[in-house]
Amino acid sequence: GPGGEPLLEIREIAKHFRGLKALKDVSLTVRRGEIRGIVGPNGSGKTTLFNVISGFYRPSGGRVLMDGRVVSGSRPYRLSMLGVARTFQNLRLFGELSVRDNLLVALDRSRTRAIWRYALWPVGVWRQERRLHRRADELLDRFGLTGFAGAAPGSLPYGIQRRIEIARAMAAGPRLLLLDEPAAGLNGEEVRQLAEIVRSIRDSGVTVVLIEHNMGLVMSLCERVTVLGGGSVIAEGTPAEVVADHAVIEAYLGD
Ligand code: ADP
């Protein structure tokens with residue numbers, strides 16, 4: 001719970017795009033085992049913050065730490081190796097490949113460091129391949145996707161596609177999972193299933209940060225919520241605390 005050690009520390013992060021200050025002096029700490037919500041009106045800097053944490057954007061100022069170690073300025077692949085995985089607001093799946101192949105691609109990417117072990121050993125290659133397939137099967141099973149293994153994601157309901165995207169992020173074996181609006185476009189039943197999936201991910205030892213507009217989901221999942229407004233943290237607390245906060249109400253009225 002929130003009593004855990006800090007895993008992710010965001011310290012005085014700024015991100016400027018030419019004249020536009022998308023993030024100004026943003027600081028927050030996410031503890032191990034937490035499910036943290038990030039909310040805020042459109043344009044408040046939520047996705048920019050994810051892009052900074054995951055190495056897609058280099059911050060204009062400030063630092064990001066994982067386990068007390070500075071990681072800002074690292075490239076996305078490096079952050080992935082350090083245990084940071086993410087999903088995207090707009091799904092980024094290979095629509096024509098099978099669901100299983102989408103997972104295999106992600107699993108294959110996450111093993112590159114071990115290549116030297118079997119590069120000169122064909123039997124090792126074969127074993128590695130079998131291991132990848134076994135891990136793909138485990139992911140399919142864990143996320144209720146076994147029945148869709150051979151289908152192309154593009155042909156599946158949106159809620160299933162979102163689940164594949166989460167399974168794909170989990171293929172990297174992350175310690176920190178960033179979910180960008182995972183409930184967008186989902187119906188009530190799909191949101192309920194999503195909540196269960198996110199809880200099970202947290203229970204397996206992965207810390208989760210999610211950007212979400214669905215306040216019902218945020219209320220049910222998150223012990224703490226950080227509210228961004230105009231590129232700054234305008235409130236932080238329990239879901240009940242932040243929805244009653246004047247600065248938060250004002251920020252949303254202008255949305
Ligand atoms: P949110 O996710 O809260 O809706 P964003 O982080 O997407 O907000 O955007 C914050 C601000 O930064 C917006 O004004 C947006 O137009 C701007 N912005 C985001 N990414 C870029 C970029 N790559 N280039 C220029 N401006 C950007």
# chains A, B, ... in the order shown; residues from 1 in each chain; ligands from 1
$ residues_near_ligand --ligand "ligand 1" --cutoff "9 Å" --atoms "only C-alpha atoms and all ligand atoms" --output "PyMOL selection string"
chain A and resi 15-18+20-23+39-51+57+180+211+228-231
$ closest_atom_pairs --of "region 116-191 of chain A" --to "region 7-13 of chain A" --cutoff "12 Å" --atoms "only C-alpha atoms" --output "tab-separated table"
residue	atom	partner	partner_atom	distance
A:Arg175	CA	A:Leu7	CA	8.8
A:Leu176	CA	A:Leu7	CA	8.2
A:Leu177	CA	A:Leu8	CA	11.0
A:Leu178	CA	A:Leu8	CA	11.3
$ write_last_selection --atoms "C-alpha atoms" --output "compact mmCIF listing (two decimals), in the first residue's frame"
# COMPACT_ATOMS: atom_id res chain seq x y z
CA ARG A 175 7.91 -2.93 -12.00
CA LEU A 176 6.04 0.24 -12.96
CA LEU A 177 3.10 0.21 -15.37
CA LEU A 178 1.80 3.49 -16.83
$ closest_atom_pairs --of "region 120-181 of chain A" --to "region 86-99 of chain A" --cutoff "7 Å" --atoms "only C-alpha atoms" --output "JSON lines"
{"residue": "A:Phe148", "atom": "CA", "partner": "A:Val99", "partner_atom": "CA", "distance": 6.7}
{"residue": "A:Ala149", "atom": "CA", "partner": "A:Val99", "partner_atom": "CA", "distance": 5.0}
{"residue": "A:Gly150", "atom": "CA", "partner": "A:Ser98", "partner_atom": "CA", "distance": 5.1}
{"residue": "A:Ala151", "atom": "CA", "partner": "A:Ser98", "partner_atom": "CA", "distance": 5.1}
{"residue": "A:Ala152", "atom": "CA", "partner": "A:Ser98", "partner_atom": "CA", "distance": 4.4}
{"residue": "A:Pro153", "atom": "CA", "partner": "A:Gly95", "partner_atom": "CA", "distance": 5.2}
{"residue": "A:Gly154", "atom": "CA", "partner": "A:Gly95", "partner_atom": "CA", "distance": 4.6}
{"residue": "A:Glu165", "atom": "CA", "partner": "A:Thr87", "partner_atom": "CA", "distance": 6.4}
{"residue": "A:Ile166", "atom": "CA", "partner": "A:Thr87", "partner_atom": "CA", "distance": 6.5}
{"residue": "A:Ala169", "atom": "CA", "partner": "A:Arg86", "partner_atom": "CA", "distance": 5.9}
{"residue": "A:Leu177", "atom": "CA", "partner": "A:Arg86", "partner_atom": "CA", "distance": 5.6}
{"residue": "A:Leu178", "atom": "CA", "partner": "A:Arg86", "partner_atom": "CA", "distance": 4.4}
{"residue": "A:Leu179", "atom": "CA", "partner": "A:Thr87", "partner_atom": "CA", "distance": 5.1}
{"residue": "A:Asp180", "atom": "CA", "partner": "A:Gln89", "partner_atom": "CA", "distance": 5.2}
{"residue": "A:Glu181", "atom": "CA", "partner": "A:Gln89", "partner_atom": "CA", "distance": 5.8}
$ select_by_dssp --residues "region 46-229 of chain A" --states "helix (DSSP H, G or I)" --output "MDAnalysis selection string"
chainID A and resid 46:53 76:81 99:109 112:118 122:142 146:148 153:155 158:170 188:203 215:221
$ closest_residue --among "A:Gly55, A:Pro239, A:Gly144, A:Gly33" --to "Gln193 (chain A)" --atoms "only C-alpha atoms"
A:Gly144
$ atom_distance --atom1 "CA of Val105 (chain A)" --atom2 "CA of Val208 (chain A)"
22.8 Å
$ closest_residue --among "A:Ala171, A:Val64, A:Ala251, A:Leu107" --to "Val233 (chain A)" --atoms "only C-alpha atoms"
A:Ala251
$ atom_distance --atom1 "CA of Ala106 (chain A)" --atom2 "CA of Val198 (chain A)"
19.4 Å
$ residues_around --residues "Tyr158 (chain A)" --least-positions-apart "5" --cutoff "9 Å" --atoms "only C-alpha atoms" --output "MDAnalysis selection string"
chainID A and resid 153 163 185:186
$ residues_around --residues "Ala14 (chain A)" --least-positions-apart "4" --cutoff "7 Å" --atoms "only C-alpha atoms" --output "short mmCIF file (atom, residue, chain, number, x, y, z; two decimals) with N, CA and C atoms, in the first residue's frame"
data_model
loop_
_atom_site.label_atom_id
_atom_site.label_comp_id
_atom_site.auth_asym_id
_atom_site.auth_seq_id
_atom_site.Cartn_x
_atom_site.Cartn_y
_atom_site.Cartn_z
N LEU A 23 4.45 21.44 -18.75
CA LEU A 23 4.63 21.05 -17.34
C LEU A 23 5.50 22.10 -16.67
N LYS A 24 5.08 22.51 -15.45
CA LYS A 24 5.84 23.50 -14.69
C LYS A 24 6.05 22.97 -13.29
N ASP A 25 7.25 22.63 -12.95
CA ASP A 25 7.56 22.32 -11.56
C ASP A 25 6.65 21.24 -10.96
N VAL A 26 6.54 20.12 -11.65
CA VAL A 26 5.69 19.02 -11.16
C VAL A 26 6.51 18.07 -10.29
N PRO A 59 12.93 15.98 -20.23
CA PRO A 59 12.38 17.15 -19.52
C PRO A 59 13.22 18.40 -19.75
N SER A 60 12.56 19.57 -19.70
CA SER A 60 13.30 20.83 -19.82
C SER A 60 13.97 21.17 -18.49
N GLY A 61 13.45 20.59 -17.41
CA GLY A 61 14.05 20.81 -16.09
C GLY A 61 13.58 19.74 -15.13
N GLY A 62 14.31 19.54 -14.05
CA GLY A 62 13.92 18.58 -13.03
C GLY A 62 14.41 17.18 -13.32
#
$ closest_residue --among "A:Ile38, A:Ala235, A:Tyr77, A:Leu132" --to "Met215 (chain A)" --atoms "only C-alpha atoms"
A:Ile38
$ residues_around --residues "Arg78 (chain A)" --least-positions-apart "2" --cutoff "12 Å" --atoms "only C-alpha atoms" --output "list of chain:residue names"
A:Ile53, A:Ser54, A:Gly55, A:Phe56, A:Val71, A:Ser72, A:Gly73, A:Ser74, A:Arg75, A:Pro76, A:Ser80, A:Met81, A:Leu82, A:Gly83, A:Val84, A:Ala85, A:Ser110, A:Thr112, A:Arg113
$ atom_distance --atom1 "CA of Ile160 (chain A)" --atom2 "CA of Asp137 (chain A)"
16.3 Å
$ closest_residue --among "A:Ala244, A:Ile249, A:Leu28, A:Leu103" --to "Arg134 (chain A)" --atoms "only C-alpha atoms"
A:Leu103
$ decode --residues "region 48-199 of chain A" --atoms "C-alpha atoms" --output "PDB file, in the first residue's frame"
ATOM      1  CA  THR A  48       3.301  14.848 -21.407  1.00  0.00           C
ATOM      2  CA  LEU A  49       4.174  13.671 -17.892  1.00  0.00           C
ATOM      3  CA  PHE A  50       3.903  10.021 -19.021  1.00  0.00           C
ATOM      4  CA  ASN A  51       6.091  10.813 -22.008  1.00  0.00           C
ATOM      5  CA  VAL A  52       8.712  12.270 -19.673  1.00  0.00           C
ATOM      6  CA  ILE A  53       8.572   9.319 -17.241  1.00  0.00           C
ATOM      7  CA  SER A  54       8.860   6.768 -20.049  1.00  0.00           C
ATOM      8  CA  GLY A  55      11.698   8.598 -21.784  1.00  0.00           C
ATOM      9  CA  PHE A  56       9.778   9.689 -24.892  1.00  0.00           C
ATOM     10  CA  TYR A  57      10.384  13.337 -23.912  1.00  0.00           C
ATOM     11  CA  ARG A  58      13.466  14.763 -22.302  1.00  0.00           C
ATOM     12  CA  PRO A  59      12.376  17.150 -19.515  1.00  0.00           C
ATOM     13  CA  SER A  60      13.299  20.833 -19.819  1.00  0.00           C
ATOM     14  CA  GLY A  61      14.054  20.809 -16.092  1.00  0.00           C
ATOM     15  CA  GLY A  62      13.917  18.580 -13.029  1.00  0.00           C
ATOM     16  CA  ARG A  63      14.537  14.888 -12.546  1.00  0.00           C
ATOM     17  CA  VAL A  64      12.790  11.542 -12.527  1.00  0.00           C
ATOM     18  CA  LEU A  65      14.086   8.856 -10.156  1.00  0.00           C
ATOM     19  CA  MET A  66      13.348   5.142 -10.011  1.00  0.00           C
ATOM     20  CA  ASP A  67      14.489   3.471  -6.787  1.00  0.00           C
ATOM     21  CA  GLY A  68      16.373   6.620  -5.898  1.00  0.00           C
ATOM     22  CA  ARG A  69      18.346   6.576  -9.135  1.00  0.00           C
ATOM     23  CA  VAL A  70      18.079   9.357 -11.732  1.00  0.00           C
ATOM     24  CA  VAL A  71      16.537   7.980 -14.937  1.00  0.00           C
ATOM     25  CA  SER A  72      15.378  11.157 -16.687  1.00  0.00           C
ATOM     26  CA  GLY A  73      17.249  11.711 -19.923  1.00  0.00           C
ATOM     27  CA  SER A  74      17.387   7.929 -20.547  1.00  0.00           C
ATOM     28  CA  ARG A  75      15.928   6.615 -23.792  1.00  0.00           C
ATOM     29  CA  PRO A  76      12.658   4.625 -23.759  1.00  0.00           C
ATOM     30  CA  TYR A  77      14.393   1.242 -24.279  1.00  0.00           C
ATOM     31  CA  ARG A  78      16.609   1.944 -21.285  1.00  0.00           C
ATOM     32  CA  LEU A  79      13.593   2.800 -19.130  1.00  0.00           C
ATOM     33  CA  SER A  80      11.955  -0.380 -20.327  1.00  0.00           C
ATOM     34  CA  MET A  81      15.017  -2.302 -19.128  1.00  0.00           C
ATOM     35  CA  LEU A  82      14.752  -0.479 -15.801  1.00  0.00           C
ATOM     36  CA  GLY A  83      11.193  -1.748 -15.456  1.00  0.00           C
ATOM     37  CA  VAL A  84       8.962   1.009 -16.853  1.00  0.00           C
ATOM     38  CA  ALA A  85       6.188  -0.098 -19.247  1.00  0.00           C
ATOM     39  CA  ARG A  86       3.315   1.913 -20.658  1.00  0.00           C
ATOM     40  CA  THR A  87       0.202   1.834 -22.757  1.00  0.00           C
ATOM     41  CA  PHE A  88      -0.931   4.556 -25.130  1.00  0.00           C
ATOM     42  CA  GLN A  89      -4.172   6.490 -25.370  1.00  0.00           C
ATOM     43  CA  ASN A  90      -4.428   5.466 -29.002  1.00  0.00           C
ATOM     44  CA  LEU A  91      -3.790   1.754 -29.157  1.00  0.00           C
ATOM     45  CA  ARG A  92      -0.463   0.796 -30.675  1.00  0.00           C
ATOM     46  CA  LEU A  93      -0.957  -2.818 -31.623  1.00  0.00           C
ATOM     47  CA  PHE A  94      -0.045  -4.555 -34.851  1.00  0.00           C
ATOM     48  CA  GLY A  95      -3.604  -4.751 -36.140  1.00  0.00           C
ATOM     49  CA  GLU A  96      -2.883  -7.415 -38.763  1.00  0.00           C
ATOM     50  CA  LEU A  97      -0.746  -9.760 -36.645  1.00  0.00           C
ATOM     51  CA  SER A  98      -2.440 -12.272 -34.375  1.00  0.00           C
ATOM     52  CA  VAL A  99      -2.889 -11.434 -30.701  1.00  0.00           C
ATOM     53  CA  ARG A 100      -0.323 -14.129 -29.877  1.00  0.00           C
ATOM     54  CA  ASP A 101       2.201 -12.637 -32.320  1.00  0.00           C
ATOM     55  CA  ASN A 102       1.676  -9.179 -30.819  1.00  0.00           C
ATOM     56  CA  LEU A 103       2.660 -10.638 -27.445  1.00  0.00           C
ATOM     57  CA  LEU A 104       5.569 -12.610 -28.922  1.00  0.00           C
ATOM     58  CA  VAL A 105       6.986  -9.450 -30.471  1.00  0.00           C
ATOM     59  CA  ALA A 106       6.875  -7.740 -27.080  1.00  0.00           C
ATOM     60  CA  LEU A 107       8.364 -10.759 -25.284  1.00  0.00           C
ATOM     61  CA  ASP A 108      11.084 -11.041 -27.878  1.00  0.00           C
ATOM     62  CA  ARG A 109      12.041  -7.399 -27.382  1.00  0.00           C
ATOM     63  CA  SER A 110      12.340  -7.816 -23.646  1.00  0.00           C
ATOM     64  CA  ARG A 111      14.886 -10.654 -23.833  1.00  0.00           C
ATOM     65  CA  THR A 112      17.612  -8.971 -25.928  1.00  0.00           C
ATOM     66  CA  ARG A 113      20.063  -8.811 -23.045  1.00  0.00           C
ATOM     67  CA  ALA A 114      20.286 -12.610 -22.911  1.00  0.00           C
ATOM     68  CA  ILE A 115      21.186 -12.984 -26.592  1.00  0.00           C
ATOM     69  CA  TRP A 116      24.867 -13.666 -25.953  1.00  0.00           C
ATOM     70  CA  ARG A 117      23.943 -16.749 -23.958  1.00  0.00           C
ATOM     71  CA  TYR A 118      22.629 -18.700 -26.868  1.00  0.00           C
ATOM     72  CA  ALA A 119      23.857 -16.831 -29.944  1.00  0.00           C
ATOM     73  CA  LEU A 120      26.348 -19.583 -30.750  1.00  0.00           C
ATOM     74  CA  TRP A 121      24.132 -22.420 -29.653  1.00  0.00           C
ATOM     75  CA  PRO A 122      21.241 -23.501 -31.905  1.00  0.00           C
ATOM     76  CA  VAL A 123      19.637 -25.682 -29.256  1.00  0.00           C
ATOM     77  CA  GLY A 124      19.579 -22.638 -27.015  1.00  0.00           C
ATOM     78  CA  VAL A 125      17.725 -20.706 -29.698  1.00  0.00           C
ATOM     79  CA  TRP A 126      15.118 -23.417 -29.927  1.00  0.00           C
ATOM     80  CA  ARG A 127      14.719 -23.540 -26.151  1.00  0.00           C
ATOM     81  CA  GLN A 128      14.439 -19.787 -25.982  1.00  0.00           C
ATOM     82  CA  GLU A 129      11.735 -19.905 -28.628  1.00  0.00           C
ATOM     83  CA  ARG A 130       9.781 -22.481 -26.671  1.00  0.00           C
ATOM     84  CA  ARG A 131      10.106 -20.344 -23.549  1.00  0.00           C
ATOM     85  CA  LEU A 132       8.764 -17.311 -25.377  1.00  0.00           C
ATOM     86  CA  HIS A 133       5.749 -19.298 -26.546  1.00  0.00           C
ATOM     87  CA  ARG A 134       5.146 -20.559 -23.034  1.00  0.00           C
ATOM     88  CA  ARG A 135       5.275 -17.016 -21.689  1.00  0.00           C
ATOM     89  CA  ALA A 136       2.896 -15.849 -24.424  1.00  0.00           C
ATOM     90  CA  ASP A 137       0.481 -18.610 -23.363  1.00  0.00           C
ATOM     91  CA  GLU A 138       0.763 -17.488 -19.738  1.00  0.00           C
ATOM     92  CA  LEU A 139      -0.008 -13.884 -20.687  1.00  0.00           C
ATOM     93  CA  LEU A 140      -2.959 -14.944 -22.860  1.00  0.00           C
ATOM     94  CA  ASP A 141      -4.326 -16.987 -19.983  1.00  0.00           C
ATOM     95  CA  ARG A 142      -3.707 -14.342 -17.344  1.00  0.00           C
ATOM     96  CA  PHE A 143      -5.529 -11.644 -19.309  1.00  0.00           C
ATOM     97  CA  GLY A 144      -8.396 -13.848 -20.506  1.00  0.00           C
ATOM     98  CA  LEU A 145      -7.194 -13.709 -24.107  1.00  0.00           C
ATOM     99  CA  THR A 146      -6.635 -17.402 -24.866  1.00  0.00           C
ATOM    100  CA  GLY A 147      -9.795 -17.564 -26.957  1.00  0.00           C
ATOM    101  CA  PHE A 148      -8.562 -14.676 -29.118  1.00  0.00           C
ATOM    102  CA  ALA A 149      -4.968 -15.884 -29.587  1.00  0.00           C
ATOM    103  CA  GLY A 150      -5.253 -16.418 -33.337  1.00  0.00           C
ATOM    104  CA  ALA A 151      -7.397 -13.379 -34.121  1.00  0.00           C
ATOM    105  CA  ALA A 152      -6.120 -10.053 -35.431  1.00  0.00           C
ATOM    106  CA  PRO A 153      -6.616  -7.311 -32.800  1.00  0.00           C
ATOM    107  CA  GLY A 154      -8.186  -5.045 -35.423  1.00  0.00           C
ATOM    108  CA  SER A 155     -11.112  -7.472 -35.711  1.00  0.00           C
ATOM    109  CA  LEU A 156     -11.808  -7.632 -31.963  1.00  0.00           C
ATOM    110  CA  PRO A 157     -14.029  -5.513 -29.680  1.00  0.00           C
ATOM    111  CA  TYR A 158     -12.383  -2.393 -28.341  1.00  0.00           C
ATOM    112  CA  GLY A 159     -12.395  -3.654 -24.751  1.00  0.00           C
ATOM    113  CA  ILE A 160     -10.403  -6.730 -25.798  1.00  0.00           C
ATOM    114  CA  GLN A 161      -7.937  -4.582 -27.735  1.00  0.00           C
ATOM    115  CA  ARG A 162      -7.325  -2.511 -24.601  1.00  0.00           C
ATOM    116  CA  ARG A 163      -6.661  -5.719 -22.667  1.00  0.00           C
ATOM    117  CA  ILE A 164      -4.178  -6.883 -25.327  1.00  0.00           C
ATOM    118  CA  GLU A 165      -2.390  -3.553 -25.032  1.00  0.00           C
ATOM    119  CA  ILE A 166      -2.073  -4.073 -21.262  1.00  0.00           C
ATOM    120  CA  ALA A 167      -0.897  -7.682 -21.739  1.00  0.00           C
ATOM    121  CA  ARG A 168       1.679  -6.432 -24.225  1.00  0.00           C
ATOM    122  CA  ALA A 169       3.005  -3.872 -21.740  1.00  0.00           C
ATOM    123  CA  MET A 170       3.169  -6.608 -19.081  1.00  0.00           C
ATOM    124  CA  ALA A 171       5.240  -8.802 -21.419  1.00  0.00           C
ATOM    125  CA  ALA A 172       8.274  -6.695 -20.529  1.00  0.00           C
ATOM    126  CA  GLY A 173       7.957  -7.781 -16.882  1.00  0.00           C
ATOM    127  CA  PRO A 174       7.741  -4.203 -15.574  1.00  0.00           C
ATOM    128  CA  ARG A 175       7.911  -2.930 -12.001  1.00  0.00           C
ATOM    129  CA  LEU A 176       6.043   0.236 -12.965  1.00  0.00           C
ATOM    130  CA  LEU A 177       3.101   0.209 -15.370  1.00  0.00           C
ATOM    131  CA  LEU A 178       1.803   3.486 -16.831  1.00  0.00           C
ATOM    132  CA  LEU A 179      -1.742   3.284 -18.228  1.00  0.00           C
ATOM    133  CA  ASP A 180      -2.905   6.197 -20.373  1.00  0.00           C
ATOM    134  CA  GLU A 181      -6.720   6.404 -20.198  1.00  0.00           C
ATOM    135  CA  PRO A 182      -7.259   2.639 -20.089  1.00  0.00           C
ATOM    136  CA  ALA A 183     -11.055   2.991 -19.720  1.00  0.00           C
ATOM    137  CA  ALA A 184     -11.534   5.317 -22.710  1.00  0.00           C
ATOM    138  CA  GLY A 185     -14.217   3.880 -25.001  1.00  0.00           C
ATOM    139  CA  LEU A 186     -15.086   0.979 -22.684  1.00  0.00           C
ATOM    140  CA  ASN A 187     -18.607   0.071 -21.578  1.00  0.00           C
ATOM    141  CA  GLY A 188     -19.587  -0.458 -17.935  1.00  0.00           C
ATOM    142  CA  GLU A 189     -18.888  -4.195 -17.907  1.00  0.00           C
ATOM    143  CA  GLU A 190     -15.522  -3.695 -19.620  1.00  0.00           C
ATOM    144  CA  VAL A 191     -14.576  -1.025 -17.057  1.00  0.00           C
ATOM    145  CA  ARG A 192     -15.432  -3.444 -14.255  1.00  0.00           C
ATOM    146  CA  GLN A 193     -13.190  -6.106 -15.831  1.00  0.00           C
ATOM    147  CA  LEU A 194     -10.441  -3.531 -16.314  1.00  0.00           C
ATOM    148  CA  ALA A 195     -10.561  -2.656 -12.602  1.00  0.00           C
ATOM    149  CA  GLU A 196     -10.081  -6.326 -11.730  1.00  0.00           C
ATOM    150  CA  ILE A 197      -7.151  -6.619 -14.121  1.00  0.00           C
ATOM    151  CA  VAL A 198      -5.428  -3.530 -12.722  1.00  0.00           C
ATOM    152  CA  ARG A 199      -5.892  -4.816  -9.160  1.00  0.00           C
TER     153      ARG A 199
END
